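Structure data follow from structure_8.pdb (PDB, C-alpha atoms):
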```
ATOM      1  CA  MET A 296     136.922 109.981  50.500
ATOM      2  CA  LYS A 297     136.746 113.787  50.861
ATOM      3  CA  GLU A 298     133.423 113.710  52.710
ATOM      4  CA  GLY A 299     134.778 111.016  54.997
ATOM      5  CA  LEU A 300     137.903 113.054  55.657
ATOM      6  CA  ILE A 301     135.998 116.222  56.498
ATOM      7  CA  PHE A 302     133.799 114.319  58.947
ATOM      8  CA  ALA A 303     136.830 112.589  60.519
ATOM      9  CA  ASN A 304     138.697 115.877  60.815
ATOM     10  CA  ALA A 305     135.707 117.615  62.381
ATOM     11  CA  ARG A 306     135.572 114.913  65.054
ATOM     12  CA  ALA A 307     139.321 115.210  65.647
ATOM     13  CA  LYS A 308     139.128 119.006  65.927
ATOM     14  CA  ALA A 309     136.414 118.615  68.549
ATOM     15  CA  LYS A 310     138.708 116.325  70.543
ATOM     16  CA  GLU A 311     141.649 118.727  70.489
ATOM     17  CA  GLY A 312     140.084 120.513  73.450
ATOM     18  CA  THR A 313     140.620 117.407  75.592
ATOM     19  CA  LEU A 314     144.392 117.396  75.069
ATOM     20  CA  LEU A 315     146.604 118.086  78.056
ATOM     21  CA  SER A 316     146.824 121.822  78.780
ATOM     22  CA  ARG A 317     150.026 123.561  79.824
ATOM     23  CA  ASP A 318     148.359 124.351  83.130
ATOM     24  CA  ARG A 319     147.643 120.688  83.867
ATOM     25  CA  LEU A 320     151.143 119.714  82.815
ATOM     26  CA  GLN A 321     152.564 122.358  85.145
ATOM     27  CA  ARG A 322     150.459 121.039  88.018
ATOM     28  CA  MET A 323     151.603 117.491  87.296
ATOM     29  CA  THR A 324     155.299 118.398  87.281
ATOM     30  CA  GLU A 325     154.831 120.051  90.673
ATOM     31  CA  ALA A 326     152.951 117.100  92.193
ATOM     32  CA  LYS A 327     154.740 115.491  95.141
ATOM     33  CA  THR A 328     153.407 111.970  94.613
ATOM     34  CA  VAL A 329     152.340 109.772  91.709
ATOM     35  CA  GLU A 330     148.874 109.532  93.278
ATOM     36  CA  SER A 331     148.510 113.320  93.196
ATOM     37  CA  ALA A 332     149.529 113.439  89.526
ATOM     38  CA  VAL A 333     147.114 110.613  88.669
ATOM     39  CA  ARG A 334     144.280 112.572  90.281
ATOM     40  CA  ILE A 335     144.970 115.450  87.881
ATOM     41  CA  LEU A 336     144.535 113.034  84.968
ATOM     42  CA  LEU A 337     141.338 111.619  86.431
ATOM     43  CA  GLU A 338     139.950 115.164  86.637
ATOM     44  CA  ALA A 339     140.334 115.268  82.847
ATOM     45  CA  ASN A 340     138.519 111.912  82.458
ATOM     46  CA  TYR A 341     141.731 110.253  81.345
ATOM     47  CA  ALA A 342     141.353 106.674  80.085
ATOM     48  CA  GLY A 343     137.582 107.132  80.013
ATOM     49  CA  GLY A 344     137.303 107.461  83.769
ATOM     50  CA  MET A 345     139.188 104.241  84.524
ATOM     51  CA  ILE A 346     140.282 104.067  88.174
ATOM     52  CA  PRO A 347     143.712 102.414  88.372
ATOM     53  CA  GLU A 348     145.193 100.688  91.367
ATOM     54  CA  GLU A 349     147.151 102.997  93.639
ATOM     55  CA  GLY A 350     150.363 104.138  91.968
ATOM     56  CA  ASP A 351     149.618 102.300  88.710
ATOM     57  CA  PHE A 352     149.855 104.992  86.050
ATOM     58  CA  TYR A 353     151.027 102.567  83.350
ATOM     59  CA  SER A 354     147.620 100.935  82.926
ATOM     60  CA  LEU A 355     146.024 104.387  82.758
ATOM     61  CA  LEU A 356     148.307 105.446  79.901
ATOM     62  CA  THR A 357     147.901 102.124  78.091
ATOM     63  CA  GLU A 358     144.121 102.460  78.227
ATOM     64  CA  GLU A 359     144.252 106.040  76.922
ATOM     65  CA  GLU A 360     146.366 104.896  73.974
ATOM     66  CA  LYS A 361     143.864 102.132  73.220
ATOM     67  CA  ILE A 362     141.034 104.674  73.246
ATOM     68  CA  VAL A 363     142.710 107.084  70.824
ATOM     69  CA  THR A 364     143.757 104.211  68.540
ATOM     70  CA  ALA A 365     140.192 102.871  68.469
ATOM     71  CA  PHE A 366     138.918 106.360  67.620
ATOM     72  CA  VAL A 367     141.324 106.664  64.702
ATOM     73  CA  ARG A 368     140.547 103.175  63.390
ATOM     74  CA  GLU A 369     136.837 103.961  63.442
ATOM     75  CA  THR A 370     137.107 107.448  61.955
ATOM     76  CA  VAL A 371     139.792 107.594  59.264
ATOM     77  CA  PRO A 372     138.629 106.630  55.757
ATOM     78  CA  GLU A 373     140.373 103.704  54.062
ATOM     79  CA  GLY A 374     143.146 104.535  51.637
ATOM     80  CA  ALA A 375     144.729 107.316  53.690
ATOM     81  CA  GLY A 376     147.635 105.087  54.764
ATOM     82  CA  PHE A 377     146.880 105.184  58.478
ATOM     83  CA  GLU A 378     147.496 101.459  58.880
ATOM     84  CA  CYS A 379     151.209 102.299  58.578
ATOM     85  CA  PHE A 380     151.152 103.849  62.047
ATOM     86  CA  PHE A 381     149.719 100.679  63.558
ATOM     87  CA  LEU A 382     152.312  98.564  61.747
ATOM     88  CA  ARG A 383     154.929  99.916  64.124
ATOM     89  CA  ASN A 384     153.274  98.151  67.050
ATOM     90  CA  ASP A 385     153.028  94.943  65.017
ATOM     91  CA  TYR A 386     156.735  94.986  64.243
ATOM     92  CA  HIS A 387     157.647  95.854  67.817
ATOM     93  CA  ASN A 388     155.608  92.899  69.041
ATOM     94  CA  ILE A 389     157.240  90.621  66.479
ATOM     95  CA  LYS A 390     160.627  91.773  67.824
ATOM     96  CA  VAL A 391     159.481  90.780  71.309
ATOM     97  CA  LEU A 392     158.491  87.313  70.063
ATOM     98  CA  VAL A 393     161.814  86.789  68.267
ATOM     99  CA  LYS A 394     163.875  87.963  71.227
ATOM    100  CA  ALA A 395     161.763  85.829  73.564
ATOM    101  CA  LYS A 396     162.552  82.781  71.442
ATOM    102  CA  TYR A 397     166.315  83.223  71.549
ATOM    103  CA  ALA A 398     166.481  84.509  75.124
ATOM    104  CA  LYS A 399     163.937  81.906  76.289
ATOM    105  CA  LEU A 400     161.629  84.508  77.866
ATOM    106  CA  THR A 401     158.157  83.492  78.996
ATOM    107  CA  ASP A 402     156.631  86.575  80.653
ATOM    108  CA  LEU A 403     156.074  89.061  77.840
ATOM    109  CA  ASP A 404     153.222  91.165  79.258
ATOM    110  CA  ASP A 405     155.395  94.162  80.145
ATOM    111  CA  LEU A 406     157.190  94.109  76.784
ATOM    112  CA  ILE A 407     154.369  94.096  74.247
ATOM    113  CA  LEU A 408     152.628  97.177  72.877
ATOM    114  CA  PRO A 409     148.881  97.560  72.208
ATOM    115  CA  ASP A 410     147.647  95.668  69.141
ATOM    116  CA  GLY A 411     148.592  97.117  65.772
ATOM    117  CA  ASN A 412     146.922  95.794  62.626
ATOM    118  CA  PHE A 413     147.007  92.310  64.180
ATOM    119  CA  PRO A 414     146.068  91.194  67.692
ATOM    120  CA  PHE A 415     149.174  90.086  69.586
ATOM    121  CA  ALA A 416     147.707  86.610  70.087
ATOM    122  CA  GLU A 417     147.383  86.190  66.322
ATOM    123  CA  LEU A 418     150.933  87.405  65.696
ATOM    124  CA  LYS A 419     152.206  84.977  68.324
ATOM    125  CA  GLU A 420     150.336  82.051  66.758
ATOM    126  CA  ARG A 421     151.557  82.955  63.260
ATOM    127  CA  TYR A 422     155.174  83.344  64.377
ATOM    128  CA  GLU A 423     155.270  80.114  66.376
ATOM    129  CA  SER A 424     153.676  78.127  63.537
ATOM    130  CA  GLY A 425     155.831  79.745  60.837
ATOM    131  CA  LYS A 426     152.833  81.289  59.037
ATOM    132  CA  LEU A 427     154.494  84.562  58.083
ATOM    133  CA  ASP A 428     153.030  84.792  54.585
ATOM    134  CA  PHE A 429     150.929  87.796  55.648
ATOM    135  CA  SER A 430     154.023  89.931  54.983
ATOM    136  CA  PRO A 431     156.979  89.132  52.693
ATOM    137  CA  PHE A 432     158.957  91.801  54.544
ATOM    138  CA  VAL A 433     158.526  90.008  57.866
ATOM    139  CA  SER A 434     159.276  86.636  56.254
ATOM    140  CA  ASP A 435     162.541  87.870  54.748
ATOM    141  CA  ALA A 436     163.656  89.535  57.985
ATOM    142  CA  ILE A 437     162.902  86.449  60.077
ATOM    143  CA  ALA A 438     164.771  84.232  57.591
ATOM    144  CA  THR A 439     167.846  86.487  57.840
ATOM    145  CA  ILE A 440     167.655  86.511  61.638
ATOM    146  CA  GLU A 441     167.263  82.738  61.910
ATOM    147  CA  LYS A 442     170.215  82.137  59.577
ATOM    148  CA  ALA A 443     172.370  84.498  61.670
ATOM    149  CA  PHE A 444     171.534  82.653  64.886
ATOM    150  CA  GLU A 445     172.184  79.295  63.241
ATOM    151  CA  THR A 446     175.716  80.487  62.441
ATOM    152  CA  ASN A 447     176.189  82.066  65.900
ATOM    153  CA  VAL A 448     176.302  85.687  64.675
ATOM    154  CA  GLY A 449     172.805  86.660  65.791
ATOM    155  CA  GLY A 450     171.988  89.038  68.606
ATOM    156  CA  PRO A 451     169.473  91.644  69.847
ATOM    157  CA  ARG A 452     170.851  94.412  67.608
ATOM    158  CA  LEU A 453     170.521  92.234  64.508
ATOM    159  CA  ILE A 454     166.885  91.511  65.409
ATOM    160  CA  ASP A 455     166.203  95.228  65.812
ATOM    161  CA  THR A 456     167.934  96.350  62.626
ATOM    162  CA  GLU A 457     166.488  93.646  60.371
ATOM    163  CA  LEU A 458     162.926  94.162  61.558
ATOM    164  CA  ASP A 459     163.250  97.964  61.496
ATOM    165  CA  LYS A 460     164.387  97.797  57.872
ATOM    166  CA  ALA A 461     161.533  95.423  57.085
ATOM    167  CA  LEU A 462     159.025  97.753  58.763
ATOM    168  CA  TYR A 463     159.929 100.740  56.597
ATOM    169  CA  ARG A 464     160.100  98.688  53.416
ATOM    170  CA  ASP A 465     156.596  97.521  54.299
ATOM    171  CA  ILE A 466     155.400 101.061  55.029
ATOM    172  CA  PHE A 467     156.763 102.631  51.844
ATOM    173  CA  SER A 468     155.417  99.791  49.710
ATOM    174  CA  ARG A 469     151.958 100.678  51.067
ATOM    175  CA  LEU A 470     152.438 104.420  50.578
ATOM    176  CA  GLU A 471     153.295 103.858  46.904
ATOM    177  CA  LYS A 472     149.742 102.591  46.374
ATOM    178  CA  GLY A 473     148.319 106.019  47.161
ATOM    179  CA  ALA A 474     148.047 107.609  50.579
ATOM    180  CA  ASP A 475     147.511 111.068  51.997
ATOM    181  CA  ARG A 476     150.463 113.374  51.319
ATOM    182  CA  TYR A 477     150.900 114.182  55.004
ATOM    183  CA  VAL A 478     151.223 110.495  55.869
ATOM    184  CA  LYS A 479     153.956 110.222  53.236
ATOM    185  CA  GLU A 480     155.602 113.397  54.505
ATOM    186  CA  TYR A 481     155.551 112.078  58.075
ATOM    187  CA  PHE A 482     157.245 108.768  57.298
ATOM    188  CA  THR A 483     159.775 110.350  54.936
ATOM    189  CA  ALA A 484     160.686 112.842  57.663
ATOM    190  CA  PHE A 485     160.734 110.094  60.286
ATOM    191  CA  VAL A 486     163.209 108.015  58.285
ATOM    192  CA  ASP A 487     165.435 111.005  57.516
ATOM    193  CA  THR A 488     165.520 112.202  61.135
ATOM    194  CA  THR A 489     166.133 108.668  62.400
ATOM    195  CA  ASN A 490     169.056 108.239  60.005
ATOM    196  CA  VAL A 491     170.479 111.648  60.923
ATOM    197  CA  ALA A 492     170.276 110.818  64.646
ATOM    198  CA  SER A 493     171.873 107.420  64.007
ATOM    199  CA  PHE A 494     174.688 109.084  62.048
ATOM    200  CA  VAL A 495     175.369 111.559  64.862
ATOM    201  CA  ARG A 496     175.357 108.758  67.456
ATOM    202  CA  SER A 497     177.735 106.632  65.393
ATOM    203  CA  THR A 498     180.071 109.578  64.882
ATOM    204  CA  ARG A 499     180.116 110.525  68.560
ATOM    205  CA  VAL A 500     180.933 107.055  69.832
ATOM    206  CA  GLY A 501     183.460 106.393  67.060
ATOM    207  CA  ALA A 502     181.529 103.384  65.748
ATOM    208  CA  GLY A 503     182.478 104.006  62.128
ATOM    209  CA  PHE A 504     180.431 104.192  58.940
ATOM    210  CA  ALA A 505     179.954 100.407  58.662
ATOM    211  CA  PHE A 506     178.087 100.402  61.973
ATOM    212  CA  PHE A 507     175.816 103.227  60.779
ATOM    213  CA  LYS A 508     175.210 101.493  57.448
ATOM    214  CA  GLU A 509     173.920  98.336  59.173
ATOM    215  CA  GLY A 510     170.987 100.250  60.637
ATOM    216  CA  PHE A 511     170.320 102.686  57.777
ATOM    217  CA  LEU A 512     166.620 102.936  56.899
ATOM    218  CA  GLU A 513     165.459 103.280  53.294
ATOM    219  CA  GLY A 514     162.679 105.574  52.105
ATOM    220  CA  GLY A 515     163.925 109.006  53.094
ATOM    221  CA  GLU A 516     165.073 111.868  50.887
ATOM    222  CA  ILE A 517     168.674 111.615  52.131
ATOM    223  CA  SER A 518     170.455 108.635  50.595
ATOM    224  CA  LEU A 519     173.050 106.333  52.099
ATOM    225  CA  LYS A 520     175.513 107.690  49.517
ATOM    226  CA  ASP A 521     174.986 111.221  50.881
ATOM    227  CA  PHE A 522     176.018 110.039  54.337
ATOM    228  CA  GLU A 523     178.869 107.932  52.974
ATOM    229  CA  GLU A 524     180.438 110.973  51.338
ATOM    230  CA  CYS A 525     180.524 112.645  54.777
ATOM    231  CA  GLY A 526     182.502 109.782  56.317
ATOM    232  CA  THR A 527     182.569 110.585  60.026
ATOM    233  CA  ASP A 528     183.043 114.332  59.585
ATOM    234  CA  ALA A 529     180.292 116.299  61.362
ATOM    235  CA  LYS A 530     181.159 119.495  59.458
ATOM    236  CA  ARG A 531     180.737 117.761  56.108
ATOM    237  CA  ALA A 532     177.447 116.321  57.353
ATOM    238  CA  ALA A 533     176.283 119.827  58.308
ATOM    239  CA  SER A 534     177.166 121.059  54.818
ATOM    240  CA  MET A 535     175.394 118.102  53.166
ATOM    241  CA  LEU A 536     172.237 118.629  55.232
ATOM    242  CA  SER A 537     172.184 122.421  54.850
ATOM    243  CA  GLY A 538     169.951 122.194  51.790
ATOM    244  CA  THR A 539     167.519 119.641  53.237
ATOM    245  CA  LYS A 540     164.324 119.897  55.273
ATOM    246  CA  VAL A 541     166.054 118.398  58.324
ATOM    247  CA  LYS A 542     168.776 121.063  58.518
ATOM    248  CA  ASP A 543     167.319 122.620  61.688
ATOM    249  CA  TYR A 544     166.820 119.193  63.264
ATOM    250  CA  PHE A 545     170.473 118.264  62.677
ATOM    251  CA  GLU A 546     171.697 121.551  64.136
ATOM    252  CA  LYS A 547     169.540 121.011  67.205
ATOM    253  CA  ILE A 548     170.594 117.450  67.996
ATOM    254  CA  ASP A 549     174.229 118.112  67.144
ATOM    255  CA  GLU A 550     174.314 120.262  70.284
ATOM    256  CA  GLN A 551     172.379 117.883  72.555
ATOM    257  CA  ASP A 552     173.120 114.764  74.560
ATOM    258  CA  LEU A 553     172.097 111.421  73.072
ATOM    259  CA  ALA A 554     169.142 111.047  75.452
ATOM    260  CA  SER A 555     167.520 114.163  73.947
ATOM    261  CA  PHE A 556     167.399 112.896  70.352
ATOM    262  CA  GLU A 557     163.993 111.199  70.595
ATOM    263  CA  THR A 558     162.407 114.271  72.162
ATOM    264  CA  ALA A 559     163.829 116.527  69.445
ATOM    265  CA  GLN A 560     162.541 114.150  66.770
ATOM    266  CA  ASP A 561     159.029 114.040  68.243
ATOM    267  CA  ASN A 562     158.949 117.839  68.408
ATOM    268  CA  TYR A 563     160.131 118.111  64.789
ATOM    269  CA  LEU A 564     157.544 115.643  63.468
ATOM    270  CA  LEU A 565     154.656 117.057  65.476
ATOM    271  CA  LYS A 566     155.347 120.514  64.070
ATOM    272  CA  ILE A 567     154.595 119.225  60.553
ATOM    273  CA  PHE A 568     150.990 118.785  61.624
ATOM    274  CA  SER A 569     150.582 121.613  64.087
ATOM    275  CA  ILE A 570     151.204 124.085  61.238
ATOM    276  CA  ASN A 571     148.880 122.224  58.819
ATOM    277  CA  LYS A 572     146.044 121.229  61.150
ATOM    278  CA  THR A 573     143.505 123.466  59.399
ATOM    279  CA  ASP A 574     143.810 121.578  56.084
ATOM    280  CA  MET A 575     140.447 119.812  56.269
ATOM    281  CA  PHE A 576     140.903 118.137  52.870
ATOM    282  CA  SER A 577     143.816 116.041  54.115
ATOM    283  CA  VAL A 578     144.447 113.843  57.150
ATOM    284  CA  ALA A 579     146.561 116.573  58.780
ATOM    285  CA  PRO A 580     143.946 117.453  61.469
ATOM    286  CA  ILE A 581     143.220 113.885  62.577
ATOM    287  CA  LEU A 582     146.828 112.747  62.201
ATOM    288  CA  GLY A 583     147.929 115.796  64.165
ATOM    289  CA  TYR A 584     145.483 114.942  66.943
ATOM    290  CA  TYR A 585     146.590 111.296  66.993
ATOM    291  CA  LEU A 586     150.297 112.165  67.173
ATOM    292  CA  ALA A 587     149.569 114.871  69.734
ATOM    293  CA  LYS A 588     147.836 112.309  71.950
ATOM    294  CA  LEU A 589     150.733 109.840  71.641
ATOM    295  CA  ASN A 590     153.129 112.688  72.394
ATOM    296  CA  GLU A 591     151.020 113.638  75.403
ATOM    297  CA  ILE A 592     151.155 110.068  76.728
ATOM    298  CA  LYS A 593     154.964 110.116  76.426
ATOM    299  CA  ILE A 594     155.078 113.418  78.304
ATOM    300  CA  ILE A 595     152.935 112.055  81.105
ATOM    301  CA  ARG A 596     155.042 108.895  81.344
ATOM    302  CA  VAL A 597     158.195 110.996  81.738
ATOM    303  CA  VAL A 598     156.538 113.166  84.394
ATOM    304  CA  MET A 599     155.275 110.148  86.338
ATOM    305  CA  VAL A 600     158.644 108.373  86.265
ATOM    306  CA  CYS A 601     160.373 111.560  87.424
ATOM    307  CA  ILE A 602     157.913 111.976  90.300
ATOM    308  CA  LYS A 603     158.333 108.334  91.254
ATOM    309  CA  ASN A 604     162.100 108.784  91.375
ATOM    310  CA  ALA A 605     161.968 112.167  93.147
ATOM    311  CA  VAL A 606     163.508 114.101  90.247
ATOM    312  CA  PRO A 607     163.238 117.883  90.894
ATOM    313  CA  ALA A 608     160.462 119.616  88.928
ATOM    314  CA  GLU A 609     162.957 121.852  87.109
ATOM    315  CA  GLU A 610     164.908 118.820  85.883
ATOM    316  CA  THR A 611     161.654 117.140  84.842
ATOM    317  CA  ARG A 612     160.683 120.093  82.662
ATOM    318  CA  LYS A 613     163.991 119.814  80.765
ATOM    319  CA  ARG A 614     163.011 116.311  79.653
ATOM    320  CA  LEU A 615     159.599 117.241  78.262
ATOM    321  CA  ARG A 616     158.499 117.381  74.648
ATOM    322  CA  GLU A 617     156.581 120.309  73.201
ATOM    323  CA  LEU A 618     152.790 120.266  73.353
ATOM    324  CA  TYR A 619     150.640 120.353  70.230
ATOM    325  CA  ALA A 620     149.697 123.958  69.468
TER     326      ALA A 620
END
```
When written as structure tokens, how does the structure in this file appear?
Amino acid sequence: MKEGLIFANARAKAKEGTLLSRDRLQRMTEAKTVESAVRILLEANYAGGMIPEEGDFYSLLTEEEKIVTAFVRETVPEGAGFECFFLRNDYHNIKVLVKAKYAKLTDLDDLILPDGNFPFAELKERYESGKLDFSPFVSDAIATIEKAFETNVGGPRLIDTELDKALYRDIFSRLEKGADRYVKEYFTAFVDTTNVASFVRSTRVGAGFAFFKEGFLEGGEISLKDFEECGTDAKRAASMLSGTKVKDYFEKIDEQDLASFETAQDNYLLKIFSINKTDMFSVAPILGYYLAKLNEIKIIRVVMVCIKNAVPAEETRKRLRELYA
């Protein structure tokens, strides 16, 4: 395991030099057209030199994500817990299938994410034939969703919350079997920051604690009871979180608009690995590279959409996440 990790980390460290530089990002934000920004990516051999159709940056970013995912699958030793990251795409694609069923959608191409641990075609076949025994967490969530729709209380939010809860139950059941400590730290922090953001959202819109409770994710260090004792009081929440690892995250998002929460979360999580990327006896270097690449793809997508919609460069920069450093 250790020899495999050192080799995987060495390969990841070598690839860090291909990550988007601040200079390239600056040039992209100042580009006048999508085509000009795409050319900057092609200079960096983005998506392995793939030449997209004019104006089609989505396929370029999708291909780059496939490349980095394939690299990680090939490189990371078994037992590190990396399959948990790919589970998120599986569960997203299952959500698409469930929503397609109840909304009677047929064209799903623009909704699905790249394959996770299962090819989308296999997930689709399993779902449509009721063969969900590959995961008890998925089976239980689907049963709850189907019962809700049968009694006319189902809806898109129920699908999201039930499958999100199932996803993190699935993830933490796998992490209990032994995984790298940084993988555990990442998902614990992800759940805590997600719950904190959800609490702030619920408080701001006056949705009440019951609404927050419906979407609460298990597995973090901050319990539902901790939040319940705060009620809807932001000051009590600040006091409760003051002794936790996410104190700074809460303070940051408590001052921001709702649209900024995801960016703040990505920055917070990426920092876990940027400060530990020299630990060659853990998955921190390769996990840091993988998350940095996904973060980079999100940055580029934001830049491209802003260019396409003629958003001023200064406004675009306000929407950007931090780079891996």
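Shortest separation to Ala579 in chain A among A:Ile592, A:Val478, A:Ala461, A:Leu355 occurs at residue A:Val478, atoms counted being all atoms listed in the file.
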Counting all atoms listed in the file, what are the residues of range 529-597 of chain A within 12 Å of range 339-343 of chain A, and for each of them which pair of atoms is the nearest and at what distance in Å, to one decimal? Sort the table by chain and rising number, as CSV.
```
residue,atom,partner,partner_atom,distance
A:Lys588,CA,A:Tyr341,CA,11.4
A:Glu591,CA,A:Tyr341,CA,11.5
A:Ile592,CA,A:Tyr341,CA,10.5
A:Ile595,CA,A:Tyr341,CA,11.4
```
inquiry  = Here is a test: counting all atoms listed in the file, which residue of A:Ala505, A:Cys379, A:Ala395, A:Ile437 is nearest to Arg464 in chain A?
reply    =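 The answer is A:Cys379, which sits nearest to Arg464 in chain A.
Candidate residues A:Glu445, A:Asp318, A:Asp459, A:Asp428 were compared for distance to Asn388 in chain A, and the nearest is A:Asp459, using all atoms listed in the file.
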Review point. If we count all atoms listed in the file, what is near Val606 in chain A at a cut-off of 12 Å, once residues fewer than 4 positions away on the same chain are taken out, given as number ranges by chain?
Key: A: 324-328, 597-602, 610-614
Those same residues - C-alpha atoms - I'd like them written as an mmCIF file, in the frame of the given file.
```cif
data_model
loop_
_atom_site.group_PDB
_atom_site.id
_atom_site.type_symbol
_atom_site.label_atom_id
_atom_site.label_comp_id
_atom_site.auth_asym_id
_atom_site.auth_seq_id
_atom_site.Cartn_x
_atom_site.Cartn_y
_atom_site.Cartn_z
ATOM 1 C CA THR A 324 155.299 118.398 87.281
ATOM 2 C CA GLU A 325 154.831 120.051 90.673
ATOM 3 C CA ALA A 326 152.951 117.100 92.193
ATOM 4 C CA LYS A 327 154.740 115.491 95.141
ATOM 5 C CA THR A 328 153.407 111.970 94.613
ATOM 6 C CA VAL A 597 158.195 110.996 81.738
ATOM 7 C CA VAL A 598 156.538 113.166 84.394
ATOM 8 C CA MET A 599 155.275 110.148 86.338
ATOM 9 C CA VAL A 600 158.644 108.373 86.265
ATOM 10 C CA CYS A 601 160.373 111.560 87.424
ATOM 11 C CA ILE A 602 157.913 111.976 90.300
ATOM 12 C CA GLU A 610 164.908 118.820 85.883
ATOM 13 C CA THR A 611 161.654 117.140 84.842
ATOM 14 C CA ARG A 612 160.683 120.093 82.662
ATOM 15 C CA LYS A 613 163.991 119.814 80.765
ATOM 16 C CA ARG A 614 163.011 116.311 79.653
#
```
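Minimum atom-to-atom distances from A:Thr370, A:Thr527, A:Thr489, A:Thr558 to Phe506 in chain A were compared using only C-alpha atoms, and the lowest value belongs to A:Thr527.
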Please return as a PyMOL selection string every residue within 10 Å of (171.6, 99.2, 57.0), taking into account only C-alpha atoms and the file's own coordinates. chain A and resi 456-457+459-460+490+505-513+519
